[in-house]
Structure formats: structure tokens, C-alpha cells
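Below is the file run.cif, which contains mmCIF, C-alpha atoms and all ligand atoms.
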```cif
data_final
#
loop_
_atom_site.group_PDB
_atom_site.id
_atom_site.type_symbol
_atom_site.label_atom_id
_atom_site.label_comp_id
_atom_site.auth_asym_id
_atom_site.auth_seq_id
_atom_site.Cartn_x
_atom_site.Cartn_y
_atom_site.Cartn_z
ATOM 1 C CA ASN A 1 46.900 -62.763 22.989
ATOM 2 C CA LEU A 2 46.454 -65.160 20.105
ATOM 3 C CA SER A 3 42.715 -65.447 20.597
ATOM 4 C CA GLU A 4 42.432 -61.657 20.811
ATOM 5 C CA LEU A 5 44.462 -61.329 17.609
ATOM 6 C CA VAL A 6 42.300 -63.846 15.745
ATOM 7 C CA SER A 7 39.119 -62.232 17.006
ATOM 8 C CA ASN A 8 40.332 -58.771 15.915
ATOM 9 C CA ILE A 9 41.370 -60.021 12.484
ATOM 10 C CA LEU A 10 37.968 -61.622 11.992
ATOM 11 C CA LYS A 11 36.122 -58.519 13.155
ATOM 12 C CA LEU A 12 38.164 -56.229 10.925
ATOM 13 C CA ASN A 13 37.819 -58.574 7.970
ATOM 14 C CA LYS A 14 34.068 -58.562 8.390
ATOM 15 C CA LEU A 15 33.932 -54.794 8.754
ATOM 16 C CA GLU A 16 36.052 -54.337 5.625
ATOM 17 C CA ASN A 17 34.691 -56.984 3.327
ATOM 18 C CA GLN A 18 31.045 -57.277 4.121
ATOM 19 C CA GLN A 19 28.469 -54.641 3.751
ATOM 20 C CA ILE A 20 27.570 -53.665 7.277
ATOM 21 C CA PHE A 21 24.014 -52.675 8.003
ATOM 22 C CA PRO A 22 24.239 -50.952 11.367
ATOM 23 C CA ASP A 23 21.548 -52.171 13.731
ATOM 24 C CA LYS A 24 20.540 -48.767 15.063
ATOM 25 C CA LYS A 25 18.655 -48.216 18.257
ATOM 26 C CA THR A 26 18.341 -45.256 20.576
ATOM 27 C CA PHE A 27 20.291 -45.408 23.832
ATOM 28 C CA ASN A 28 21.905 -43.231 26.461
ATOM 29 C CA LEU A 29 25.536 -42.733 25.447
ATOM 30 C CA SER A 30 26.864 -41.779 28.897
ATOM 31 C CA GLU A 31 25.479 -45.053 30.282
ATOM 32 C CA GLN A 32 27.251 -47.001 27.578
ATOM 33 C CA LEU A 33 30.525 -45.177 28.268
ATOM 34 C CA CYS A 34 30.252 -45.913 32.001
ATOM 35 C CA GLU A 35 29.445 -49.577 31.384
ATOM 36 C CA CYS A 36 32.472 -49.959 29.128
ATOM 37 C CA MET A 37 34.697 -48.173 31.643
ATOM 38 C CA LEU A 38 33.480 -50.481 34.435
ATOM 39 C CA PHE A 39 34.717 -53.434 32.454
ATOM 40 C CA PHE A 40 38.265 -52.107 32.992
ATOM 41 C CA GLU A 41 37.867 -51.648 36.760
ATOM 42 C CA ALA A 42 40.458 -54.260 37.695
ATOM 43 C CA GLN A 43 43.071 -52.884 35.285
ATOM 44 C CA LEU A 44 42.460 -49.334 36.497
ATOM 45 C CA GLU A 45 42.955 -50.406 40.092
ATOM 46 C CA GLU A 46 45.986 -52.482 39.288
ATOM 47 C CA LYS A 47 47.705 -49.446 37.763
ATOM 48 C CA ASN A 48 46.292 -47.094 40.389
ATOM 49 C CA LEU A 49 44.761 -44.844 37.731
ATOM 50 C CA SER A 50 42.194 -42.184 38.567
ATOM 51 C CA ILE A 51 39.249 -41.416 36.336
ATOM 52 C CA GLU A 52 37.586 -38.069 35.888
ATOM 53 C CA LEU A 53 34.202 -38.015 34.166
ATOM 54 C CA ASP A 54 32.443 -35.034 32.650
ATOM 55 C CA LEU A 55 29.453 -36.541 30.888
ATOM 56 C CA ASP A 56 26.216 -35.120 29.554
ATOM 57 C CA GLU A 57 23.964 -37.704 31.165
ATOM 58 C CA ASN A 58 20.916 -36.929 29.045
ATOM 59 C CA LEU A 59 22.463 -37.457 25.666
ATOM 60 C CA LYS A 60 20.690 -40.055 23.541
ATOM 61 C CA ILE A 61 22.175 -41.420 20.350
ATOM 62 C CA LYS A 62 20.681 -43.585 17.602
ATOM 63 C CA ALA A 63 23.461 -45.945 16.598
ATOM 64 C CA ASP A 64 24.633 -49.552 16.585
ATOM 65 C CA TYR A 65 25.322 -50.263 20.272
ATOM 66 C CA ASP A 66 27.716 -53.177 19.734
ATOM 67 C CA LEU A 67 29.734 -51.384 17.061
ATOM 68 C CA LEU A 68 30.237 -48.372 19.331
ATOM 69 C CA THR A 69 31.481 -50.560 22.198
ATOM 70 C CA HIS A 70 34.485 -51.465 19.993
ATOM 71 C CA ILE A 71 35.440 -47.787 19.879
ATOM 72 C CA TRP A 72 35.265 -47.209 23.635
ATOM 73 C CA ASN A 73 36.898 -50.506 24.608
ATOM 74 C CA ASN A 74 39.888 -49.858 22.367
ATOM 75 C CA LEU A 75 40.343 -46.236 23.399
ATOM 76 C CA PHE A 76 40.008 -47.061 27.126
ATOM 77 C CA SER A 77 42.351 -50.014 26.837
ATOM 78 C CA ASN A 78 44.992 -47.800 25.180
ATOM 79 C CA ALA A 79 44.508 -44.980 27.703
ATOM 80 C CA ILE A 80 45.297 -47.540 30.419
ATOM 81 C CA LYS A 81 48.091 -49.365 28.609
ATOM 82 C CA PHE A 82 49.996 -46.230 27.604
ATOM 83 C CA ASN A 83 49.517 -44.522 30.965
ATOM 84 C CA SER A 84 51.967 -44.521 33.846
ATOM 85 C CA GLU A 85 51.312 -45.956 37.285
ATOM 86 C CA GLY A 86 49.139 -43.474 39.222
ATOM 87 C CA GLY A 87 48.135 -41.601 36.051
ATOM 88 C CA LYS A 88 44.838 -40.000 35.090
ATOM 89 C CA ILE A 89 42.173 -40.593 32.499
ATOM 90 C CA LEU A 90 39.610 -37.958 31.607
ATOM 91 C CA LEU A 91 36.438 -38.961 29.777
ATOM 92 C CA THR A 92 34.048 -36.304 28.493
ATOM 93 C CA LEU A 93 30.797 -36.387 26.554
ATOM 94 C CA LYS A 94 29.166 -33.260 25.144
ATOM 95 C CA LYS A 95 26.554 -32.452 22.559
ATOM 96 C CA LYS A 96 27.644 -30.212 19.715
ATOM 97 C CA ASN A 97 24.961 -29.365 17.161
ATOM 98 C CA GLN A 98 23.651 -32.717 15.932
ATOM 99 C CA TYR A 99 26.713 -34.622 17.117
ATOM 100 C CA ALA A 100 27.961 -36.350 20.240
ATOM 101 C CA VAL A 101 31.567 -35.474 21.023
ATOM 102 C CA VAL A 102 33.494 -37.905 23.219
ATOM 103 C CA THR A 103 37.045 -37.260 24.377
ATOM 104 C CA VAL A 104 39.340 -39.802 26.029
ATOM 105 C CA SER A 105 42.483 -38.240 27.493
ATOM 106 C CA ASP A 106 45.381 -39.765 29.353
ATOM 107 C CA ASN A 107 48.538 -38.280 30.766
ATOM 108 C CA GLY A 108 50.688 -41.191 29.704
ATOM 109 C CA ILE A 109 53.642 -41.583 27.354
ATOM 110 C CA GLY A 110 52.126 -39.669 24.415
ATOM 111 C CA MET A 111 53.377 -40.149 20.869
ATOM 112 C CA SER A 112 55.531 -38.430 18.274
ATOM 113 C CA CYS A 113 54.135 -36.886 15.064
ATOM 114 C CA GLU A 114 55.699 -39.781 13.162
ATOM 115 C CA ILE A 115 53.820 -42.360 15.252
ATOM 116 C CA LYS A 116 50.600 -40.331 15.099
ATOM 117 C CA GLU A 117 50.602 -40.522 11.313
ATOM 118 C CA HIS A 118 50.392 -44.311 11.325
ATOM 119 C CA ILE A 119 48.268 -45.315 14.306
ATOM 120 C CA PHE A 120 45.126 -46.105 12.283
ATOM 121 C CA GLU A 121 47.018 -48.534 10.032
ATOM 122 C CA LYS A 122 46.597 -52.269 10.529
ATOM 123 C CA PHE A 123 49.267 -53.939 12.676
ATOM 124 C CA TYR A 124 51.071 -50.661 13.359
ATOM 125 C CA GLN A 125 52.495 -50.387 16.876
ATOM 126 C CA GLY A 126 54.407 -47.254 17.772
ATOM 127 C CA ASP A 127 55.769 -48.223 21.153
ATOM 128 C CA SER A 128 57.948 -51.322 20.918
ATOM 129 C CA SER A 129 58.254 -51.682 24.704
ATOM 130 C CA ARG A 130 54.505 -52.299 24.968
ATOM 131 C CA SER A 131 54.057 -54.167 21.703
ATOM 132 C CA THR A 132 53.477 -57.505 23.426
ATOM 133 C CA GLN A 133 50.290 -56.083 24.939
ATOM 134 C CA GLY A 134 48.137 -55.804 21.843
ATOM 135 C CA ASN A 135 48.403 -56.408 18.148
ATOM 136 C CA GLY A 136 48.187 -53.028 16.430
ATOM 137 C CA LEU A 137 44.658 -53.692 15.165
ATOM 138 C CA GLY A 138 42.684 -51.790 17.789
ATOM 139 C CA LEU A 139 42.729 -48.357 16.204
ATOM 140 C CA ALA A 140 42.288 -49.756 12.673
ATOM 141 C CA LEU A 141 39.064 -51.316 13.982
ATOM 142 C CA VAL A 142 38.072 -48.073 15.687
ATOM 143 C CA LYS A 143 38.601 -46.111 12.468
ATOM 144 C CA ARG A 144 36.549 -48.571 10.429
ATOM 145 C CA VAL A 145 33.664 -48.505 12.915
ATOM 146 C CA ILE A 146 33.712 -44.697 12.973
ATOM 147 C CA ASP A 147 33.612 -44.594 9.162
ATOM 148 C CA ILE A 148 30.610 -46.930 9.174
ATOM 149 C CA ALA A 149 28.919 -44.721 11.777
ATOM 150 C CA GLU A 150 29.720 -41.658 9.604
ATOM 151 C CA GLY A 151 31.666 -40.068 12.439
ATOM 152 C CA ASN A 152 35.153 -38.704 12.824
ATOM 153 C CA ILE A 153 38.182 -39.283 15.061
ATOM 154 C CA THR A 154 41.112 -36.974 15.744
ATOM 155 C CA VAL A 155 44.108 -37.276 18.029
ATOM 156 C CA GLU A 156 46.263 -34.770 19.851
ATOM 157 C CA SER A 157 49.352 -35.946 21.633
ATOM 158 C CA ALA A 158 52.617 -34.770 23.151
ATOM 159 C CA ILE A 159 55.473 -37.060 24.127
ATOM 160 C CA GLY A 160 55.665 -37.541 27.874
ATOM 161 C CA LYS A 161 52.511 -35.465 28.442
ATOM 162 C CA GLY A 162 49.674 -37.577 27.127
ATOM 163 C CA THR A 163 47.117 -38.139 24.434
ATOM 164 C CA THR A 164 43.555 -37.080 23.688
ATOM 165 C CA PHE A 165 41.320 -38.873 21.213
ATOM 166 C CA THR A 166 38.202 -36.971 20.114
ATOM 167 C CA VAL A 167 35.360 -38.962 18.575
ATOM 168 C CA THR A 168 32.461 -37.194 16.882
ATOM 169 C CA LEU A 169 29.344 -39.210 16.072
ATOM 170 C CA PRO A 170 26.050 -38.133 14.529
ATOM 171 C CA LEU A 171 23.213 -38.342 17.078
ATOM 172 C CA LYS A 172 20.844 -39.930 14.539
HETATM 173 P P1 LIG A 201 48.000 -51.689 20.095
HETATM 174 O O1 LIG A 201 47.416 -50.924 21.257
HETATM 175 O O2 LIG A 201 47.551 -53.099 20.039
HETATM 176 O O3 LIG A 201 49.491 -51.538 19.988
HETATM 177 P P2 LIG A 201 46.414 -49.881 18.474
HETATM 178 O O4 LIG A 201 45.963 -50.012 17.048
HETATM 179 O O5 LIG A 201 45.351 -49.814 19.513
HETATM 180 O O6 LIG A 201 47.415 -51.074 18.749
HETATM 181 O O7 LIG A 201 47.317 -48.591 18.592
HETATM 182 C C1 LIG A 201 48.372 -48.386 17.642
HETATM 183 C C2 LIG A 201 49.507 -47.599 18.273
HETATM 184 O O8 LIG A 201 49.063 -46.267 18.569
HETATM 185 C C3 LIG A 201 49.993 -48.139 19.606
HETATM 186 O O9 LIG A 201 50.888 -49.223 19.436
HETATM 187 C C4 LIG A 201 50.662 -46.892 20.201
HETATM 188 O O10 LIG A 201 51.937 -46.683 19.643
HETATM 189 C C5 LIG A 201 49.759 -45.756 19.705
HETATM 190 N N1 LIG A 201 48.767 -45.367 20.733
HETATM 191 C C6 LIG A 201 47.447 -45.653 20.730
HETATM 192 N N2 LIG A 201 46.813 -45.110 21.789
HETATM 193 C C7 LIG A 201 47.775 -44.442 22.493
HETATM 194 C C8 LIG A 201 47.755 -43.659 23.706
HETATM 195 N N3 LIG A 201 46.638 -43.463 24.398
HETATM 196 N N4 LIG A 201 48.937 -43.137 24.122
HETATM 197 C C9 LIG A 201 50.081 -43.325 23.405
HETATM 198 N N5 LIG A 201 50.155 -44.050 22.267
HETATM 199 C C10 LIG A 201 49.019 -44.611 21.808
#
```

Structure rendered as C-alpha cells:
Amino acid sequence: NLSELVSNILKLNKLENQQIFPDKKTFNLSEQLCECMLFFEAQLEEKNLSIELDLDENLKIKADYDLLTHIWNNLFSNAIKFNSEGGKILLTLKKKNQYAVVTVSDNGIGMSCEIKEHIFEKFYQGDSSRSTQGNGLGLALVKRVIDIAEGNITVESAIGKGTTFTVTLPLK
């Protein structure tokens, strides 16, 4: 946990205090999403979670590959952490005008409006029972990366029903 905390603080510090020049290259976004999801295979199995994918497999994006992995890894990790045993995760990728739209949905614990207002703040953790797993920096990092990529993130959530994060990124 400590090494993850230090690594997140350093990453966020760099993203906030240094000018970032995204290293853009063109790649297939659905492949990146699948690769990131595979990384969580063991955790998905451990919690007996099922995954549904609805991905536009031909969608190419010109963006900083490594920066975008931070977004997916954090959103997937939260969709697993805040899900219940045997729950579901839905991942979609669609093209909308000149944007890629990615949604990550879970049917886990959800969050209140009060929590929702603060989730992108540094060190904020809404759910005290799961606060040992994480450090409240994940979504602050996600937000910063999305700002750098000139994209947008929104969240819809209902307590006890689940949460959907929608990320919109320019294709070029
Ligand atoms: P961490 O996961 O380390 O607690 P994050 O910055 O990733 O920190 O998330 C901040 C808070 O947002 C979490 O503590 C939790 O309260 C809420 N949250 C994030 N993702 C979800 C989700 N998928 N379902 C319910 N709550 C979530």
C-alpha cells in the first residue's frame, strides 16, 4: 500500500507541477482496454465478477498510451473494489463524432450525491469500510490525465445499484 501511495503521489505531483507533453501515437483503443482489463484477471476471478464488453473494435485514437492506461486501471480497479461478490462490470467503447466514449459500469455499492461531489479530490475516500484498499488518489489522477488529454469524465451512481463512469476523449 505504501509503495502504491508513494508512486501515486509522485505521478500526481509530476502531472500537476510539470508541463506534460503528451507523447501521442495512434493505437487501437479497444485493444488497450482489453489489455488493461486482462491485468485484473485474478482479482475478477477472486471476486467471481462477470464482464460484459461492447467495444467498437476498429476505433483508433491518437493519444498518449501510457497516460490513458492510468485512467482505465483506476476505473477498473474501483469497479472491482466497490462491487459485490458475483457482481457485473460492463465496459463499452463507441465513437461519437470526433470522440471516443468509454463507459465503465458496475452494479456495486454505488455512492451518494455527497460522495459524488468529492471523488475527484485528492485523498478523498467516500467508503470508510474499503478505505484500507487504496489511498483516495486514483480519481484525482484520472481527472488530471483527462484534463491533459482534453477529454471529459462524468459519473452516474445510485446507492446499492451501482456506478457508471463515462470518459470522452478526442480521437486526435
Ligand atoms: P480509492 O479507490 O483509493 O478510495 P479513488 O480516488 O479511486 O480512491 O476514489 C475516491 C472515492 O470514490 C472512493 O473512495 C469511493 O468512495 C468512490 N468511488 C470511486 N469509484 C467508485 C465505484 N465504482 N463505486 C462506488 N464508489 C466509488

To one decimal place, how far is CA of Cys36 (chain A) from CA of Lys161 (chain A) in Å?
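Straight-line distance from CA of Cys36 (chain A) to CA of Lys161 (chain A) works out to 24.7 Å.
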
Residues at most 6 Å from ligand LIG 201 (chain A), using only C-alpha atoms and all ligand atoms? Could they come as a ChimeraX atom specification?
/A:78-79,82,109-111,119,124-127,131,134-140,163

Mind working out the centre and edge lengths of an axis-aligned box for region 132-142 of chain A, all listed atoms inside, 4 Å added to each side, rounded to one decimal in Å and written as AutoDock Vina command-line options?
```
--center_x 45.8 --center_y -52.8 --center_z 18.8 --size_x 23.4 --size_y 17.4 --size_z 20.3
```

Expressed in Å to a single decimal, how great is the separation between CA of Lys116 (chain A) and CA of Asn48 (chain A)?
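For CA of Lys116 (chain A) relative to CA of Asn48 (chain A), the distance reads 26.5 Å.
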
Applied to the shown file, which residues does the PyMOL selection byres (((chain A and resi 85) around 10) and not hetatm) return, written as a tab-separated table (two decimals) with C-alpha atoms, in the coordinates of the input?
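So the final result, stored in expr_8.tsv, reads:
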```tsv
chain	number	residue	atom	x	y	z
A	44	LEU	CA	42.46	-49.33	36.50
A	45	GLU	CA	42.96	-50.41	40.09
A	46	GLU	CA	45.99	-52.48	39.29
A	47	LYS	CA	47.70	-49.45	37.76
A	48	ASN	CA	46.29	-47.09	40.39
A	49	LEU	CA	44.76	-44.84	37.73
A	50	SER	CA	42.19	-42.18	38.57
A	80	ILE	CA	45.30	-47.54	30.42
A	81	LYS	CA	48.09	-49.36	28.61
A	82	PHE	CA	50.00	-46.23	27.60
A	83	ASN	CA	49.52	-44.52	30.96
A	84	SER	CA	51.97	-44.52	33.85
A	86	GLY	CA	49.14	-43.47	39.22
A	87	GLY	CA	48.14	-41.60	36.05
A	88	LYS	CA	44.84	-40.00	35.09
A	108	GLY	CA	50.69	-41.19	29.70
```

Which residues would end up in the selection if the PyMOL selection byres (((chain A and resi 56) around 7) and not hetatm) were applied here, given that I need the answer as a PDB file with C-alpha atoms, in the coordinates of the input?
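Final output, part-v6.pdb:
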```
ATOM      1  CA  SER A  30      26.864 -41.779  28.897  1.00  0.00           C
ATOM      2  CA  ASP A  54      32.443 -35.034  32.650  1.00  0.00           C
ATOM      3  CA  LEU A  55      29.453 -36.541  30.888  1.00  0.00           C
ATOM      4  CA  GLU A  57      23.964 -37.704  31.165  1.00  0.00           C
ATOM      5  CA  ASN A  58      20.916 -36.929  29.045  1.00  0.00           C
ATOM      6  CA  LEU A  59      22.463 -37.457  25.666  1.00  0.00           C
ATOM      7  CA  LEU A  93      30.797 -36.387  26.554  1.00  0.00           C
ATOM      8  CA  LYS A  94      29.166 -33.260  25.144  1.00  0.00           C
TER       9      LYS A  94
END
```

Suppose you want the space between CA of Leu91 (chain A) and CA of Ile51 (chain A); what is it in Å?
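Answer for the CA of Leu91 (chain A) to CA of Ile51 (chain A) separation: 7.5 Å.
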
So, counting only C-alpha atoms, which residue among A:Val6, A:Ala42, A:Val145, A:Leu53 is closest to Phe21 (chain A)?
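The answer is A:Val145, which sits nearest to Phe21 (chain A).
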
Please evaluate the PyMOL selection byres (((chain A and resi 12) around 10) and not hetatm) against the displayed coordinates and give the resulting residues as a list in words.
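Applied to this file, the PyMOL selection byres (((chain A and resi 12) around 10) and not hetatm) returns Val6, Ser7, Asn8, Ile9, Leu10, Lys11, Asn13, Lys14, Leu15, Glu16, Asn17, Gln18, Lys122, Leu137, Gly138, Ala140, Leu141, Val142, Arg144 and Val145 of chain A.
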
Would you list the contacts of region 152-158 of chain A as a list in words, taking every protein, DNA or RNA residue within 7 Å and counting all atoms listed in the file, but skipping same-chain residues closer than 2 positions in sequence?
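Here the answer would be Gly110, Met111, Ser112, Ile146, Glu150, Gly160, Lys161, Gly162, Thr163, Thr164, Phe165, Thr166, Val167, Thr168 and Leu169 of chain A.
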
Taking into account only C-alpha atoms, which residue in the set A:Cys34, A:Ala149, A:Cys113, A:Ile61 is nearest to Thr92 (chain A)?
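Of the candidates, the smallest distance to Thr92 (chain A) is held by A:Cys34.
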
Of the candidates A:Leu68, A:Leu2, A:Met37, A:Ile159, which shows the shortest atom-to-atom distance to Lys143 (chain A), using all atoms listed in the file?
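Of all the options, A:Leu68 lies closest to Lys143 (chain A).
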
Just the residues within 6 Å of Asp64 (chain A), please, counting all atoms listed in the file, with nothing from its chain fewer than 3 positions along; format it as a ChimeraX atom specification.
/A:22-24,67
